[in-house]
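Okay, structure first, notes after.
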Amino acid sequence: MNKHFRFSGNTFLKLEDLGVSVSAVLRRAGLPQSYRDQSRVLLSTEELFAVWRAIREVSNDPAIGLRLGAENRTERFTPVGLAALSCENFGAAVDRIARYKQLTCPEQIRQEKDEQEWSVQFHWLLADESEPAVLSECCFAWILAVGRHGTGTRLSPVRVEFTQPRAHVKTIERHLGCPVVSGTARDAIVFRAADAQRSFVTRNAELLAMLAPQFEEELTQAKGGESFAERVRAAIQQHISTRTLQRRLQDEGASFQKVLEDARRQLARHYLNNPVLELNEAAYLLGYEDGNSFVRAFRTWEGIPPAQWREQQRAAAAS
């Protein structure tokens with residue numbers, strides 16, 4: 001079992017974007033300042049919990065975990081996240097994440113499902129203490145972000161359960177779109193059983209075919225009783241690096257930016273065909289900072305503004 005967490009540098013970037021000092025977080029957690037300049041660092045469970053406690057204390061924001069977990073920019077998803085978004089539906093995506101968690105950290109995703117409900121729980125296998133509340137909330141917000149980004153809808157759980165009470169219940173309920181139940185026997189985010197079958201508009205069989213074999217090969221190696229040297233090498237290569245991903249895409253005659261733009265264009269068409277979504281909501285779901293950026297990109301793709309394209313589609317459907 002992998003004994004360390006790979007803490008992505010993207011989290012540091014998001015902290016800075018949210019106005020939280022990474023230097024102060026590292027200092028409060030008792031970790032080296034050099035970590036802020038690394039794309040990925042290794043942390044023990046104890047160190048990981050210390051980081052998340054420090055994030056809560058330095059930010060002075062009880063909802064900081066929700067904000068950090070609310071990813072909507074495709075380029076900031078890890079390779080495992082990209083593999084999940086490439087799956088055919090939400091259930092397959094969570095299964096994929098749970099399977100590949102074995103490669104990245106001593107953490108386990110457990111699922112329970114009956115005819116009505118489907119619950120997802122995160123378990124910290126080497127923890128000697130309860131995980132920080134802000135970390136649990138980040139995990140739930142992130143798994144929901146995968147579901148919302150993948151389905152292209154404002155997916156909402158049935159409820160979220162916490163063993164410990166929260167003071168910012170209303171904020172959690174607004175963000176997750178569901179009731180909060182405290183004092184339960186577990187921390188879990190609970191969806192409808194049918195949500196597992198929700199199709200992903202981000203599904204990409206070709207990208208999944210490139211990513212999955214690498215992960216499966218690493219899983220095989222991890223379970224094959226390697227020598228110490230082999231385990232060290234596998235530990236260094238637990239994630240597909242950006243360079244490796246770019247090389248594999250180049251081998252297919254593509255680039256990450258092109259794949260990303262093609263996915264955004266496909267999603268943009270899907271969102272604009274949804275009469276419930278406003279243009280600014282579509283821009284947000286696609287990861288654009290503002291509506292103007294989305295309009296410029298869409299005009300490049302289609303030659304006309306998104307509002308005009310939407311009207312043309314409505315007219316064609318009515319004729």
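As shown in the structure tokens, the chain order sets the letters A, B, ...; within each chain, residues go from 1, and ligands are also counted from 1 in the order they appear.
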
Secondary structure check, alpha helix (DSSP H) residues of region 74-206 of chain A, as an NGL selection string: :A and (79-85 or 90-104 or 133-151 or 169-176 or 205-206)

Put those residues in a file: C-alpha atoms, as an mmCIF file, in the first residue's frame.
```
data_model
loop_
_atom_site.group_PDB
_atom_site.id
_atom_site.type_symbol
_atom_site.label_atom_id
_atom_site.label_comp_id
_atom_site.auth_asym_id
_atom_site.auth_seq_id
_atom_site.Cartn_x
_atom_site.Cartn_y
_atom_site.Cartn_z
ATOM 1 C CA PRO A 79 -4.811 12.531 -14.997
ATOM 2 C CA VAL A 80 -7.036 10.386 -12.754
ATOM 3 C CA GLY A 81 -9.682 13.111 -12.899
ATOM 4 C CA LEU A 82 -9.394 13.257 -16.686
ATOM 5 C CA ALA A 83 -9.797 9.478 -16.851
ATOM 6 C CA ALA A 84 -12.926 9.767 -14.702
ATOM 7 C CA LEU A 85 -14.417 12.508 -16.894
ATOM 8 C CA PHE A 90 -21.049 9.062 -13.162
ATOM 9 C CA GLY A 91 -20.980 5.620 -11.568
ATOM 10 C CA ALA A 92 -18.194 4.436 -13.871
ATOM 11 C CA ALA A 93 -16.259 7.630 -13.083
ATOM 12 C CA VAL A 94 -16.410 7.053 -9.316
ATOM 13 C CA ASP A 95 -15.458 3.401 -9.820
ATOM 14 C CA ARG A 96 -12.460 4.528 -11.859
ATOM 15 C CA ILE A 97 -11.382 7.056 -9.209
ATOM 16 C CA ALA A 98 -11.775 4.466 -6.443
ATOM 17 C CA ARG A 99 -9.691 1.934 -8.368
ATOM 18 C CA TYR A 100 -6.836 4.309 -9.112
ATOM 19 C CA LYS A 101 -6.778 5.723 -5.567
ATOM 20 C CA GLN A 102 -4.766 2.586 -4.767
ATOM 21 C CA LEU A 103 -1.901 4.069 -6.767
ATOM 22 C CA THR A 104 -1.821 7.526 -5.290
ATOM 23 C CA ALA A 133 -13.665 18.760 8.624
ATOM 24 C CA VAL A 134 -12.397 21.014 5.843
ATOM 25 C CA LEU A 135 -10.793 18.009 4.103
ATOM 26 C CA SER A 136 -14.006 15.947 4.159
ATOM 27 C CA GLU A 137 -15.920 18.865 2.695
ATOM 28 C CA CYS A 138 -13.305 19.312 -0.042
ATOM 29 C CA CYS A 139 -13.571 15.620 -0.992
ATOM 30 C CA PHE A 140 -17.362 15.777 -1.216
ATOM 31 C CA ALA A 141 -17.263 19.018 -3.195
ATOM 32 C CA TRP A 142 -14.723 17.507 -5.580
ATOM 33 C CA ILE A 143 -16.636 14.274 -6.248
ATOM 34 C CA LEU A 144 -19.735 16.393 -6.872
ATOM 35 C CA ALA A 145 -17.695 18.625 -9.207
ATOM 36 C CA VAL A 146 -16.779 15.546 -11.234
ATOM 37 C CA GLY A 147 -20.459 14.624 -11.446
ATOM 38 C CA ARG A 148 -21.588 18.120 -12.405
ATOM 39 C CA HIS A 149 -18.793 18.689 -14.892
ATOM 40 C CA GLY A 150 -19.266 15.268 -16.434
ATOM 41 C CA THR A 151 -23.043 15.383 -16.758
ATOM 42 C CA VAL A 169 -24.535 24.298 7.526
ATOM 43 C CA LYS A 170 -26.385 26.776 5.301
ATOM 44 C CA THR A 171 -23.251 27.403 3.243
ATOM 45 C CA ILE A 172 -22.727 23.658 2.743
ATOM 46 C CA GLU A 173 -26.356 23.171 1.766
ATOM 47 C CA ARG A 174 -26.191 25.986 -0.781
ATOM 48 C CA HIS A 175 -22.980 24.688 -2.306
ATOM 49 C CA LEU A 176 -23.921 21.013 -2.484
ATOM 50 C CA ALA A 205 -13.154 6.796 -25.242
ATOM 51 C CA GLU A 206 -9.941 7.716 -27.060
#
```

Distance of CA of Ala70 (chain A) from CA of Pro165 (chain A), expressed in Å to one decimal place: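 Taking CA of Pro165 (chain A) as the start and CA of Ala70 (chain A) as the end point, the length is 21.4 Å.
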
Ala24 (chain A) surroundings by only C-alpha atoms, 12 Å radius, close-in-sequence under 6 positions cut, as a count of residues only: 15

Atomic distance CA of Glu117 (chain A) - CA of Leu155 (chain A), expressed in Å with one decimal: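 Separation between CA of Glu117 (chain A) and CA of Leu155 (chain A): 14.6 Å.
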
Nearest candidate to His4 (chain A) (options A:Ala188, A:Ala127, A:Val180, A:Leu279; using only C-alpha atoms):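 Nearest to His4 (chain A): A:Ala127.
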
Residue contacts of region 292-300 of chain A (9 Å, only C-alpha atoms) excluding same-chain residues fewer than 2 positions away, as number ranges by chain: A: 265, 268, 279-280, 282-284, 286-290, 302-307

Only all heavy atoms, please: the residues just picked out, written as a short mmCIF file (atom, residue, chain, number, x, y, z; two decimals), in the first residue's frame.
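Output contents, as saved in selection_33.cif:
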```cif
data_model
loop_
_atom_site.label_atom_id
_atom_site.label_comp_id
_atom_site.auth_asym_id
_atom_site.auth_seq_id
_atom_site.Cartn_x
_atom_site.Cartn_y
_atom_site.Cartn_z
N ARG A 265 -15.69 22.83 -26.84
CA ARG A 265 -16.63 23.14 -27.94
C ARG A 265 -17.82 22.20 -27.88
O ARG A 265 -18.97 22.62 -28.04
CB ARG A 265 -15.90 23.02 -29.28
CG ARG A 265 -16.78 23.37 -30.48
CD ARG A 265 -15.98 23.32 -31.77
NE ARG A 265 -16.80 23.71 -32.91
CZ ARG A 265 -16.36 23.83 -34.15
NH1 ARG A 265 -15.07 23.60 -34.41
NH2 ARG A 265 -17.17 24.18 -35.12
N ALA A 268 -19.91 23.17 -24.95
CA ALA A 268 -20.60 24.43 -25.20
C ALA A 268 -21.88 24.20 -25.99
O ALA A 268 -22.95 24.76 -25.67
CB ALA A 268 -19.68 25.39 -25.94
N LEU A 279 -26.39 32.00 -20.46
CA LEU A 279 -25.08 32.03 -21.11
C LEU A 279 -23.95 32.14 -20.09
O LEU A 279 -22.90 31.51 -20.24
CB LEU A 279 -25.01 33.19 -22.11
CG LEU A 279 -25.88 33.07 -23.37
CD1 LEU A 279 -25.68 34.28 -24.25
CD2 LEU A 279 -25.53 31.79 -24.12
N ASN A 280 -24.14 32.96 -19.06
CA ASN A 280 -23.08 33.11 -18.06
C ASN A 280 -22.88 31.82 -17.27
O ASN A 280 -21.77 31.51 -16.82
CB ASN A 280 -23.36 34.29 -17.13
CG ASN A 280 -24.65 34.12 -16.34
OD1 ASN A 280 -25.53 33.36 -16.72
ND2 ASN A 280 -24.78 34.86 -15.26
N ALA A 282 -23.31 28.78 -18.58
CA ALA A 282 -22.55 27.93 -19.50
C ALA A 282 -21.08 28.30 -19.47
O ALA A 282 -20.20 27.43 -19.45
CB ALA A 282 -23.10 28.06 -20.91
N ALA A 283 -20.79 29.60 -19.45
CA ALA A 283 -19.40 30.06 -19.39
C ALA A 283 -18.73 29.55 -18.12
O ALA A 283 -17.58 29.09 -18.15
CB ALA A 283 -19.35 31.58 -19.45
N TYR A 284 -19.44 29.62 -16.99
CA TYR A 284 -18.89 29.16 -15.71
C TYR A 284 -18.60 27.67 -15.75
O TYR A 284 -17.53 27.22 -15.34
CB TYR A 284 -19.89 29.47 -14.59
CG TYR A 284 -19.51 28.88 -13.25
CD1 TYR A 284 -18.55 29.46 -12.44
CD2 TYR A 284 -20.13 27.70 -12.80
CE1 TYR A 284 -18.21 28.91 -11.22
CE2 TYR A 284 -19.79 27.14 -11.58
CZ TYR A 284 -18.83 27.75 -10.79
OH TYR A 284 -18.49 27.19 -9.60
N LEU A 286 -17.91 25.87 -18.22
CA LEU A 286 -16.81 25.58 -19.14
C LEU A 286 -15.47 26.07 -18.61
O LEU A 286 -14.44 25.85 -19.23
CB LEU A 286 -17.09 26.21 -20.50
CG LEU A 286 -18.21 25.56 -21.31
CD1 LEU A 286 -18.65 26.47 -22.44
CD2 LEU A 286 -17.75 24.21 -21.86
N GLY A 287 -15.48 26.75 -17.45
CA GLY A 287 -14.24 27.17 -16.84
C GLY A 287 -13.73 28.53 -17.27
O GLY A 287 -12.57 28.87 -17.00
N TYR A 288 -14.60 29.35 -17.89
CA TYR A 288 -14.17 30.68 -18.31
C TYR A 288 -14.36 31.67 -17.16
O TYR A 288 -15.30 31.57 -16.38
CB TYR A 288 -14.95 31.14 -19.54
CG TYR A 288 -14.55 30.41 -20.79
CD1 TYR A 288 -15.31 29.35 -21.27
CD2 TYR A 288 -13.40 30.76 -21.48
CE1 TYR A 288 -14.94 28.66 -22.42
CE2 TYR A 288 -13.02 30.06 -22.63
CZ TYR A 288 -13.78 29.02 -23.08
OH TYR A 288 -13.40 28.33 -24.21
N GLU A 289 -13.44 32.63 -17.10
CA GLU A 289 -13.47 33.62 -16.02
C GLU A 289 -14.72 34.50 -16.12
O GLU A 289 -15.28 34.92 -15.11
CB GLU A 289 -12.23 34.51 -16.10
CG GLU A 289 -10.91 33.76 -15.87
CD GLU A 289 -10.66 33.48 -14.41
OE1 GLU A 289 -11.25 34.17 -13.57
OE2 GLU A 289 -9.85 32.58 -14.11
N ASP A 290 -15.16 34.81 -17.33
CA ASP A 290 -16.32 35.67 -17.51
C ASP A 290 -17.02 35.34 -18.83
O ASP A 290 -16.49 34.59 -19.67
CB ASP A 290 -15.93 37.15 -17.48
CG ASP A 290 -14.82 37.47 -18.48
OD1 ASP A 290 -15.04 37.25 -19.68
OD2 ASP A 290 -13.74 37.92 -18.05
N GLU A 302 -17.45 28.78 -33.92
CA GLU A 302 -18.65 28.67 -34.75
C GLU A 302 -18.85 29.84 -35.71
O GLU A 302 -19.71 29.78 -36.58
CB GLU A 302 -19.90 28.53 -33.86
CG GLU A 302 -19.83 27.41 -32.85
CD GLU A 302 -19.80 26.03 -33.50
OE1 GLU A 302 -20.18 25.91 -34.67
OE2 GLU A 302 -19.37 25.07 -32.83
N GLY A 303 -18.09 30.91 -35.53
CA GLY A 303 -18.22 32.05 -36.42
C GLY A 303 -19.30 33.03 -36.04
O GLY A 303 -19.44 34.09 -36.67
N ILE A 304 -20.08 32.71 -35.01
CA ILE A 304 -21.16 33.59 -34.53
C ILE A 304 -21.18 33.55 -33.01
O ILE A 304 -20.68 32.61 -32.38
CB ILE A 304 -22.53 33.16 -35.09
CG1 ILE A 304 -22.83 31.70 -34.71
CG2 ILE A 304 -22.61 33.37 -36.59
CD1 ILE A 304 -24.23 31.25 -35.14
N PRO A 305 -21.79 34.56 -32.35
CA PRO A 305 -21.89 34.56 -30.89
C PRO A 305 -22.78 33.42 -30.40
O PRO A 305 -23.66 32.95 -31.13
CB PRO A 305 -22.51 35.93 -30.57
CG PRO A 305 -22.32 36.75 -31.79
CD PRO A 305 -22.34 35.80 -32.94
N PRO A 306 -22.59 32.99 -29.15
CA PRO A 306 -23.39 31.87 -28.63
C PRO A 306 -24.89 32.16 -28.59
O PRO A 306 -25.70 31.26 -28.83
CB PRO A 306 -22.82 31.64 -27.23
CG PRO A 306 -22.06 32.89 -26.90
CD PRO A 306 -21.58 33.43 -28.19
N ALA A 307 -25.28 33.40 -28.31
CA ALA A 307 -26.71 33.72 -28.26
C ALA A 307 -27.35 33.54 -29.64
O ALA A 307 -28.46 32.99 -29.75
CB ALA A 307 -26.91 35.16 -27.77
#
```

For CA of Val41 (chain A) and CA of Arg6 (chain A), the interatomic separation in Å (one decimal): 5.6 Å
